[in-house]
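my_file-v8.csv follows; it contains CSV, C-alpha atoms and all ligand atoms.
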```csv
chain,number,residue,atom,x,y,z
A,1,MET,CA,220.1,-6.5,56.2
A,2,ALA,CA,217.3,-6.8,53.7
A,3,ALA,CA,214.4,-9.0,52.6
A,4,VAL,CA,214.5,-10.4,49.0
A,5,THR,CA,211.3,-10.8,47.0
A,6,LEU,CA,210.8,-12.4,43.6
A,7,GLU,CA,207.5,-12.0,41.8
A,8,ALA,CA,206.5,-14.2,38.8
A,9,VAL,CA,210.1,-14.3,37.6
A,10,HIS,CA,210.6,-15.9,34.1
A,11,LYS,CA,213.8,-16.7,32.3
A,12,SER,CA,214.3,-18.6,29.0
A,13,TYR,CA,217.4,-19.4,27.0
A,14,GLY,CA,216.2,-19.6,23.4
A,15,LYS,CA,213.2,-21.9,23.4
A,16,ASN,CA,214.0,-23.4,26.8
A,17,HIS,CA,212.0,-22.1,29.7
A,18,ILE,CA,214.4,-22.4,32.5
A,19,VAL,CA,212.7,-20.4,35.3
A,20,ARG,CA,208.9,-20.4,35.0
A,21,GLY,CA,207.0,-18.0,37.2
A,22,VAL,CA,209.0,-18.1,40.5
A,23,SER,CA,207.5,-16.1,43.4
A,24,LEU,CA,209.3,-16.1,46.7
A,25,THR,CA,209.9,-14.0,49.8
A,26,VAL,CA,213.0,-14.3,51.9
A,27,ALA,CA,212.5,-12.5,55.1
A,28,ASP,CA,215.1,-10.0,56.4
A,29,GLY,CA,217.8,-11.9,58.2
A,30,SER,CA,216.5,-15.3,57.4
A,31,PHE,CA,218.2,-18.2,55.6
A,32,LEU,CA,216.5,-19.7,52.5
A,33,SER,CA,217.8,-22.9,50.8
A,34,LEU,CA,216.9,-23.3,47.2
A,35,LEU,CA,216.9,-27.1,46.7
A,36,GLY,CA,216.4,-29.1,43.6
A,37,PRO,CA,218.0,-31.6,41.1
A,38,SER,CA,220.7,-30.7,38.7
A,39,GLY,CA,219.5,-28.4,35.9
A,40,CYS,CA,216.3,-27.3,37.5
A,41,GLY,CA,217.2,-23.6,37.4
A,42,LYS,CA,218.7,-22.9,40.8
A,43,THR,CA,221.9,-21.2,39.7
A,44,THR,CA,219.9,-19.2,37.1
A,45,THR,CA,217.6,-18.0,39.8
A,46,LEU,CA,220.5,-17.0,42.0
A,47,ARG,CA,222.2,-15.2,39.2
A,48,MET,CA,219.0,-13.2,38.5
A,49,ILE,CA,218.9,-12.1,42.1
A,50,ALA,CA,222.6,-11.1,41.8
A,51,GLY,CA,221.9,-9.1,38.6
A,52,LEU,CA,224.2,-11.3,36.5
A,53,GLU,CA,221.3,-12.4,34.4
A,54,ARG,CA,218.4,-10.4,33.2
A,55,LEU,CA,214.8,-11.5,33.7
A,56,ASP,CA,212.4,-12.0,30.8
A,57,SER,CA,209.5,-10.9,33.0
A,58,GLY,CA,208.6,-10.5,36.6
A,59,ARG,CA,210.2,-8.4,39.4
A,60,ILE,CA,212.9,-8.7,42.0
A,61,ALA,CA,213.2,-6.4,45.0
A,62,ILE,CA,215.9,-6.2,47.7
A,63,GLY,CA,215.2,-4.4,50.9
A,64,GLY,CA,211.9,-3.2,49.4
A,65,GLY,CA,213.5,-1.5,46.4
A,66,GLU,CA,213.0,-2.9,42.9
A,67,VAL,CA,216.4,-4.0,41.5
A,68,ASP,CA,215.0,-5.7,38.4
A,69,GLY,CA,211.7,-5.5,36.6
A,70,PRO,CA,209.8,-3.2,34.3
A,71,ALA,CA,211.1,-0.1,36.2
A,72,ALA,CA,214.7,-0.9,37.0
A,73,HIS,CA,217.9,-2.8,36.4
A,74,VAL,CA,220.3,-2.1,39.2
A,75,PRO,CA,223.8,-3.4,38.3
A,76,PRO,CA,225.2,-6.3,40.5
A,77,GLU,CA,227.7,-4.1,42.4
A,78,ARG,CA,225.0,-1.7,43.6
A,79,ARG,CA,222.7,-4.4,45.0
A,80,GLY,CA,224.5,-4.8,48.4
A,81,LEU,CA,225.2,-8.5,47.8
A,82,GLY,CA,228.0,-10.9,48.5
A,83,MET,CA,228.2,-14.0,46.4
A,84,VAL,CA,230.0,-17.4,46.6
A,85,PHE,CA,230.0,-19.2,43.2
A,86,GLN,CA,229.5,-22.8,42.5
A,87,SER,CA,233.2,-23.2,41.7
A,88,TYR,CA,235.5,-21.4,44.2
A,89,ALA,CA,236.5,-18.7,41.6
A,90,VAL,CA,239.6,-17.9,43.6
A,91,TRP,CA,242.4,-16.3,41.5
A,92,PRO,CA,245.4,-18.6,41.6
A,93,HIS,CA,248.0,-15.8,41.3
A,94,ARG,CA,246.8,-13.6,44.1
A,95,THR,CA,247.4,-14.1,47.8
A,96,VAL,CA,244.5,-14.8,50.1
A,97,ALA,CA,244.4,-11.2,51.2
A,98,GLU,CA,244.5,-9.9,47.5
A,99,ASN,CA,241.6,-12.2,46.6
A,100,VAL,CA,239.5,-11.0,49.5
A,101,ALA,CA,240.4,-7.3,48.7
A,102,TYR,CA,239.0,-7.5,45.2
A,103,PRO,CA,235.4,-6.3,45.9
A,104,LEU,CA,236.8,-3.3,47.7
A,105,GLU,CA,238.9,-2.1,44.8
A,106,ARG,CA,236.4,0.4,43.5
A,107,GLN,CA,235.1,1.5,46.9
A,108,GLY,CA,237.6,4.3,47.4
A,109,LEU,CA,238.7,3.2,50.9
A,110,ASN,CA,242.0,4.3,52.2
A,111,ARG,CA,244.7,1.7,52.9
A,112,SER,CA,244.1,1.3,56.6
A,113,GLU,CA,240.3,1.0,56.2
A,114,ARG,CA,240.8,-1.5,53.5
A,115,ASP,CA,243.3,-3.6,55.5
A,116,ALA,CA,240.9,-3.5,58.5
A,117,ARG,CA,238.1,-4.8,56.4
A,118,ILE,CA,240.2,-7.6,55.0
A,119,ARG,CA,241.3,-8.6,58.5
A,120,GLU,CA,237.7,-8.6,59.7
A,121,ALA,CA,236.5,-10.8,56.8
A,122,LEU,CA,239.4,-13.2,57.2
A,123,ALA,CA,238.7,-13.4,61.0
A,124,GLN,CA,235.0,-14.2,60.2
A,125,VAL,CA,236.1,-17.4,58.4
A,126,ARG,CA,239.1,-18.1,60.7
A,127,LEU,CA,241.7,-17.5,58.1
A,128,GLU,CA,243.6,-14.6,59.8
A,129,ALA,CA,246.9,-16.6,59.7
A,130,PHE,CA,246.6,-17.3,55.9
A,131,ALA,CA,246.5,-13.7,54.5
A,132,ASP,CA,249.8,-14.0,52.6
A,133,ARG,CA,249.3,-17.6,51.4
A,134,GLN,CA,248.9,-18.4,47.7
A,135,PRO,CA,245.7,-20.4,46.8
A,136,HIS,CA,247.7,-23.4,45.6
A,137,ALA,CA,248.9,-23.9,49.2
A,138,LEU,CA,245.4,-24.1,50.6
A,139,SER,CA,243.0,-27.1,51.1
A,140,GLY,CA,239.6,-27.2,49.5
A,141,GLY,CA,237.9,-26.1,52.7
A,142,GLN,CA,240.3,-23.2,53.1
A,143,LEU,CA,239.7,-22.1,49.5
A,144,GLN,CA,236.0,-22.1,50.0
A,145,ARG,CA,236.5,-20.0,53.1
A,146,VAL,CA,238.5,-17.5,51.0
A,147,ALA,CA,235.5,-17.3,48.7
A,148,LEU,CA,233.3,-16.7,51.7
A,149,ALA,CA,235.6,-14.0,53.1
A,150,ARG,CA,235.6,-12.3,49.7
A,151,ALA,CA,231.8,-12.3,49.7
A,152,LEU,CA,231.6,-10.9,53.2
A,153,VAL,CA,234.3,-8.1,52.9
A,154,GLY,CA,231.8,-5.7,51.4
A,155,ARG,CA,229.5,-6.2,54.4
A,156,PRO,CA,226.6,-7.4,52.2
A,157,LYS,CA,223.0,-7.1,53.2
A,158,VAL,CA,222.3,-10.3,51.4
A,159,LEU,CA,224.7,-13.3,51.0
A,160,LEU,CA,224.1,-15.6,48.0
A,161,LEU,CA,225.8,-19.0,48.1
A,162,ASP,CA,225.8,-21.4,45.1
A,163,GLU,CA,226.5,-25.0,46.3
A,164,PRO,CA,229.0,-23.7,48.9
A,165,LEU,CA,229.9,-27.2,50.1
A,166,SER,CA,229.6,-29.3,47.0
A,167,ASN,CA,233.4,-29.6,46.4
A,168,LEU,CA,234.2,-30.7,49.9
A,169,ASP,CA,234.6,-34.1,51.4
A,170,ALA,CA,232.1,-35.3,53.9
A,171,ALA,CA,234.0,-34.2,57.1
A,172,LEU,CA,234.8,-30.8,55.7
A,173,LYS,CA,231.3,-30.4,54.6
A,174,GLU,CA,230.0,-30.8,58.1
A,175,GLU,CA,232.6,-28.5,59.5
A,176,LEU,CA,231.9,-25.7,57.0
A,177,ARG,CA,228.2,-26.2,57.3
A,178,ALA,CA,228.4,-25.6,61.1
A,179,GLU,CA,230.6,-22.5,60.3
A,180,ILE,CA,228.1,-21.0,57.9
A,181,ALA,CA,225.4,-21.5,60.6
A,182,ALA,CA,227.6,-19.8,63.2
A,183,LEU,CA,228.4,-17.0,60.8
A,184,ARG,CA,224.8,-16.5,60.0
A,185,ALA,CA,223.9,-16.3,63.7
A,186,ARG,CA,226.7,-13.8,64.3
A,187,LEU,CA,226.0,-11.5,61.3
A,188,GLY,CA,222.3,-11.7,60.9
A,189,THR,CA,222.8,-11.4,57.1
A,190,THR,CA,219.9,-12.6,54.9
A,191,MET,CA,221.2,-15.7,53.1
A,192,ILE,CA,220.1,-17.6,50.1
A,193,ALA,CA,221.9,-20.8,49.4
A,194,VAL,CA,221.5,-23.1,46.4
A,195,THR,CA,222.0,-26.8,46.9
A,196,HIS,CA,221.0,-30.2,45.5
A,197,ASP,CA,221.9,-31.8,48.9
A,198,GLN,CA,218.7,-32.2,51.0
A,199,ALA,CA,220.7,-32.7,54.2
A,200,GLU,CA,222.5,-29.4,53.7
A,201,ALA,CA,219.2,-27.6,53.0
A,202,LEU,CA,217.4,-29.0,56.0
A,203,ALA,CA,220.3,-28.4,58.4
A,204,LEU,CA,220.9,-24.7,57.6
A,205,ALA,CA,217.7,-23.1,56.4
A,206,ASP,CA,214.7,-21.4,58.0
A,207,GLN,CA,212.8,-22.0,54.8
A,208,VAL,CA,213.4,-24.5,52.0
A,209,ALA,CA,212.2,-23.8,48.5
A,210,VAL,CA,212.1,-27.0,46.5
A,211,MET,CA,212.5,-26.4,42.8
A,212,ARG,CA,211.7,-28.8,39.9
A,213,ALA,CA,212.1,-27.9,36.2
A,214,GLY,CA,212.0,-24.2,36.8
A,215,VAL,CA,208.9,-24.2,39.1
A,216,LEU,CA,208.8,-24.0,42.9
A,217,GLU,CA,207.0,-27.2,44.1
A,218,GLN,CA,206.9,-26.3,47.8
A,219,VAL,CA,208.3,-23.6,50.1
A,220,ALA,CA,208.2,-24.5,53.8
A,221,THR,CA,210.2,-24.8,57.0
A,222,PRO,CA,212.5,-27.9,57.0
A,223,GLN,CA,210.3,-29.5,59.6
A,224,ALA,CA,207.1,-29.0,57.6
A,225,LEU,CA,208.7,-30.1,54.4
A,226,TYR,CA,209.9,-33.3,56.0
A,227,ALA,CA,206.6,-34.0,57.8
A,228,GLU,CA,204.2,-32.8,55.1
A,229,PRO,CA,205.6,-33.0,51.6
A,230,ASN,CA,203.0,-31.8,49.2
A,231,SER,CA,204.0,-34.2,46.3
A,232,PRO,CA,205.8,-37.5,45.9
A,233,PHE,CA,208.7,-35.5,44.2
A,234,VAL,CA,209.3,-33.4,47.3
A,235,ALA,CA,209.0,-36.5,49.6
A,236,GLY,CA,211.4,-38.5,47.5
A,237,PHE,CA,213.9,-35.6,47.3
A,238,VAL,CA,213.7,-34.6,51.0
A,239,GLY,CA,214.4,-37.4,53.5
A,240,GLY,CA,214.9,-40.2,51.0
A,241,ALA,CA,211.4,-41.6,51.1
A,242,ASN,CA,210.4,-44.6,48.9
A,243,VAL,CA,208.2,-43.5,46.1
A,244,LEU,CA,206.2,-46.3,44.6
A,245,ASP,CA,203.5,-46.3,41.9
A,246,GLY,CA,200.8,-48.9,42.6
A,247,GLU,CA,197.2,-49.2,43.5
A,248,VAL,CA,195.0,-49.1,46.6
A,249,ARG,CA,192.6,-52.0,46.9
A,250,GLY,CA,190.5,-52.6,50.0
A,251,GLY,CA,192.7,-50.6,52.4
A,252,ALA,CA,196.0,-52.1,51.1
A,253,PHE,CA,198.7,-50.8,48.8
A,254,VAL,CA,199.2,-53.4,46.0
A,255,LEU,CA,202.3,-53.6,43.9
A,256,GLY,CA,204.0,-56.5,42.2
A,257,GLY,CA,201.5,-59.0,43.6
A,258,VAL,CA,202.3,-57.9,47.2
A,259,ARG,CA,199.7,-56.3,49.6
A,260,LEU,CA,200.8,-53.8,52.2
A,261,GLU,CA,198.0,-52.9,54.7
A,262,LEU,CA,197.8,-49.1,55.0
A,263,PRO,CA,197.7,-47.5,58.4
A,264,THR,CA,194.9,-45.1,57.4
A,265,ALA,CA,191.8,-45.5,55.2
A,266,VAL,CA,192.3,-44.5,51.6
A,267,GLY,CA,189.9,-45.0,48.7
A,268,ASP,CA,190.6,-47.5,45.9
A,269,GLY,CA,192.5,-46.5,42.8
A,270,PRO,CA,195.9,-46.0,41.2
A,271,CYS,CA,198.2,-44.0,43.5
A,272,THR,CA,201.7,-43.2,44.4
A,273,LEU,CA,202.8,-44.4,47.9
A,274,VAL,CA,205.4,-42.4,49.8
A,275,LEU,CA,207.0,-44.4,52.6
A,276,ARG,CA,209.9,-43.2,54.7
A,277,PRO,CA,212.5,-46.0,55.5
A,278,GLU,CA,211.9,-45.4,59.2
A,279,ASP,CA,208.1,-45.6,59.0
A,280,ALA,CA,207.9,-49.4,58.6
A,281,VAL,CA,208.5,-52.3,61.0
A,282,LEU,CA,210.0,-55.6,59.8
A,283,GLU,CA,208.4,-58.8,61.0
A,284,PRO,CA,210.2,-62.1,61.2
A,285,THR,CA,207.5,-63.9,59.2
A,286,GLY,CA,206.0,-62.9,55.9
A,287,THR,CA,206.3,-63.3,52.1
A,288,LEU,CA,208.5,-60.4,51.1
A,289,PRO,CA,211.9,-61.4,49.7
A,290,LEU,CA,214.8,-59.8,51.5
A,291,ALA,CA,217.2,-58.8,48.7
A,292,ALA,CA,219.9,-57.1,50.7
A,293,ARG,CA,221.0,-56.0,54.2
A,294,LEU,CA,223.3,-52.9,54.6
A,295,PHE,CA,224.9,-52.2,58.0
A,296,LEU,CA,224.9,-48.4,58.5
A,297,GLY,CA,226.2,-48.1,62.1
A,298,ALA,CA,223.3,-46.8,64.1
A,299,THR,CA,220.8,-48.7,62.0
A,300,THR,CA,220.7,-51.3,59.3
A,301,GLU,CA,219.0,-50.8,55.9
A,302,TYR,CA,217.0,-53.7,54.5
A,303,ARG,CA,216.0,-53.9,50.9
A,304,LEU,CA,212.8,-55.8,50.2
A,305,GLN,CA,211.6,-56.8,46.8
A,306,LEU,CA,208.1,-55.8,45.7
A,307,GLY,CA,207.9,-57.3,42.2
A,308,ASP,CA,210.5,-55.3,40.2
A,309,VAL,CA,211.1,-52.5,42.7
A,310,ALA,CA,213.2,-52.4,45.8
A,311,LEU,CA,211.8,-51.0,49.0
A,312,ARG,CA,214.2,-49.5,51.6
A,313,VAL,CA,213.4,-50.0,55.3
A,314,LEU,CA,215.4,-49.3,58.4
A,315,GLY,CA,215.6,-52.1,60.9
A,316,PRO,CA,217.4,-53.3,63.9
A,317,PRO,CA,221.2,-53.1,63.8
A,318,HIS,CA,221.6,-56.8,64.8
A,319,PRO,CA,221.3,-59.2,61.9
A,320,PHE,CA,217.5,-59.6,61.7
A,321,ALA,CA,217.1,-61.9,58.7
A,322,GLN,CA,219.4,-63.3,56.1
A,323,PRO,CA,219.2,-62.0,52.5
A,324,GLY,CA,217.5,-64.7,50.4
A,325,THR,CA,214.8,-65.4,53.1
A,326,THR,CA,211.4,-63.7,53.4
A,327,VAL,CA,210.1,-61.2,56.0
A,328,GLY,CA,206.9,-59.4,56.8
A,329,LEU,CA,206.3,-55.6,56.9
A,330,THR,CA,203.9,-53.4,58.9
A,331,LEU,CA,203.5,-49.7,57.8
A,332,ARG,CA,203.3,-47.3,60.8
A,333,ALA,CA,202.8,-44.2,58.6
A,334,ALA,CA,202.6,-43.6,54.9
A,335,ARG,CA,201.3,-41.0,52.5
A,336,VAL,CA,199.2,-41.9,49.5
A,337,PHE,CA,199.0,-39.4,46.6
A,338,PRO,CA,196.8,-39.5,43.5
A,339,ARG,CA,199.0,-40.7,40.6
A,340,GLU,CA,198.7,-37.4,38.6
A,341,LEU,CA,200.7,-35.6,41.3
A,342,ARG,CA,203.7,-37.6,40.4
B,401,LIG,N1,223.7,-19.2,29.6
B,401,LIG,C1,223.0,-20.3,29.3
B,401,LIG,N2,222.6,-20.5,28.0
B,401,LIG,C2,221.8,-21.6,27.7
B,401,LIG,N3,221.3,-22.4,28.6
B,401,LIG,C3,221.7,-22.2,29.9
B,401,LIG,C4,222.5,-21.1,30.3
B,401,LIG,N4,222.7,-21.2,31.6
B,401,LIG,C5,222.0,-22.3,32.1
B,401,LIG,N5,221.4,-22.9,31.0
B,401,LIG,C6,220.5,-24.1,31.1
B,401,LIG,O1,219.5,-23.9,32.0
B,401,LIG,C7,219.2,-25.0,32.8
B,401,LIG,C8,219.3,-24.7,34.3
B,401,LIG,O2,220.6,-24.4,34.6
B,401,LIG,P1,221.1,-24.0,36.1
B,401,LIG,O3,222.6,-23.7,36.0
B,401,LIG,O4,220.2,-22.9,36.6
B,401,LIG,O5,220.8,-25.3,36.8
B,401,LIG,P2,221.1,-25.7,38.4
B,401,LIG,O6,219.7,-26.0,39.0
B,401,LIG,O7,221.9,-24.7,39.0
B,401,LIG,O8,221.9,-27.1,38.2
B,401,LIG,P3,223.2,-27.7,39.0
B,401,LIG,O9,222.6,-28.3,40.2
B,401,LIG,O10,223.7,-28.8,38.0
B,401,LIG,O11,224.1,-26.6,39.2
B,401,LIG,C9,220.2,-26.1,32.4
B,401,LIG,O12,219.5,-26.9,31.5
B,401,LIG,C10,221.3,-25.3,31.7
B,401,LIG,O13,221.8,-26.1,30.6
B,402,MG,MG,223.9,-24.7,39.7
```

Mind converting the file's structure to structure tokens?
Amino acid sequence: MAAVTLEAVHKSYGKNHIVRGVSLTVADGSFLSLLGPSGCGKTTTLRMIAGLERLDSGRIAIGGGEVDGPAAHVPPERRGLGMVFQSYAVWPHRTVAENVAYPLERQGLNRSERDARIREALAQVRLEAFADRQPHALSGGQLQRVALARALVGRPKVLLLDEPLSNLDAALKEELRAEIAALRARLGTTMIAVTHDQAEALALADQVAVMRAGVLEQVATPQALYAEPNSPFVAGFVGGANVLDGEVRGGAFVLGGVRLELPTAVGDGPCTLVLRPEDAVLEPTGTLPLAARLFLGATTEYRLQLGDVALRVLGPPHPFAQPGTTVGLTLRAARVFPRELR
């Protein structure tokens, strides 16, 4: 197993600066999720760690040894990595076992060693019985497990996963997510997973690195990221908070002619309010128009209208108020950021 370190890594394509000074340490045996919106540079970062893309400047080390930088460029196959790509990249005309065998082809193993390694990798993803199947006869979840087995067969020190669950439906996603967590506990391999799904990042990772336009905005444990986002962007991306631009006046947040009393004292001025849907309490009387009510099972989401913007608040599951009427709102917790952090 091995730690992975990035120091001031830069990458441009032509005039576009895609990755802009990323520094990051992934501890030996830990799981890092790289989280961010589409196009922010996640795959590019992962491909640089893998050695599939050269850096413009900076340095990458795996297990303490420099693999990319001024002094070195270690080719991908000598970095001790396994990788699962954003698309499955499973060859359609090879069986499951042949697909999984591919990374071993140049390792000079004899046949029985090779077969044992393939069996081991397939067992790790619970596909022992599928060795001779063709990919077209597999489900999406099984295909993704073939890709995982192929990444594991070389017994990597570091496993890189690019959106491993994005092609799967909701139920399969949860199943494979639990499987990756179990695999990780069993193997102790260092893992770096790219995702734009905040729930996936929070559920699996020891550390989450939130990326925005090629820059890391915040690196923290899932708990810390949720409790103490350092910008409205992170708060909006992680946990689905409401992010509203308005103004603080006399201890209240003012937007669209509505005043919401803040739970803690904040100085007057333009600001961005971050309010989690679960951090506000609906009151039966008030002046806020209730635009919509969505039953979600365990809770119900209420959409309130603040001028032109909608505010999402979780409320009691029983019908609390009819859309079209007005309600009141008390904030239990909220974060107020200076506008320029937006
Ligand atoms: N080989 C390339 N040549 C030119 N531009 C590229 C190349 N690869 C990626 N880009 C651009 O770099 C940016 C970041 O791409 P990247 O694939 O790293 O994003 P991402 O965060 O993984 O997004 P997604 O969540 O959609 O997969 C995009 O604007 C993309 O168009
Ligand atoms: Mg990508």

From the options A:Leu262, A:Leu159, A:Leu341, A:Leu104, which residue's atoms come nearest to Phe233 (chain A), counting all atoms listed in the file? A:Leu341

Which is closest to ligand MG 402 (chain B) among A:Val238, A:Leu81, A:Leu202, A:Met211, if we use only C-alpha atoms and all ligand atoms?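 Selected residue with least distance to ligand MG 402 (chain B): A:Met211.
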
In Å, how far is it from CA of Ala292 (chain A) to CA of Leu273 (chain A)?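 Distance reported for this atom pair: 21.5 Å.
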
Using only C-alpha atoms and all ligand atoms, which protein or nucleic acid residues are at most 12 Å from ligand MG 402 (chain B), as a list in words?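 So, counting only C-alpha atoms and all ligand atoms, the residues near ligand MG 402 (chain B) are Leu34, Leu35, Gly36, Pro37, Ser38, Gly39, Cys40, Gly41, Lys42, Thr43, Thr44, Thr45, Leu46, Arg47, Val84, Phe85, Gln86, Ser87, Leu161, Asp162, Glu163, Pro164, Ser166, Ala193, Val194, Thr195, His196, Asp197 and Met211 of chain A.
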
What is the CA of Ala203 (chain A)-CA of Pro277 (chain A) distance in Å, reported with one decimal? 19.5 Å

Could you give me, as JSON, numbers by chain, the residues within 12 Å of Arg259 (chain A), counting all atoms listed in the file and dropping anything in the same chain fewer than 3 positions from it? {"A": [246, 247, 248, 249, 250, 251, 252, 253, 254, 255, 256, 262, 286, 287, 288, 306, 307, 328, 329, 330, 331]}

Quick one: pull the distance between CA of Arg184 (chain A) and CA of Gly154 (chain A), Å, one decimal.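 Computed distance, CA of Arg184 (chain A) to CA of Gly154 (chain A), equals 15.5 Å.
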
Pick out the residues sitting within 12 Å of Gly297 (chain A), and hand them over as number ranges by chain; count all atoms listed in the file, and ignore anything fewer than 6 positions along from it in its own chain. A: 314-318

Excluding same-chain residues fewer than 5 positions from Val313 (chain A), what lies within 7 Å of it counting all atoms listed in the file, as a list in words?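 Final neighbour list, sorted by chain and number: Pro277, Glu278, Ala280, Glu301, Tyr302 and Arg303 of chain A.
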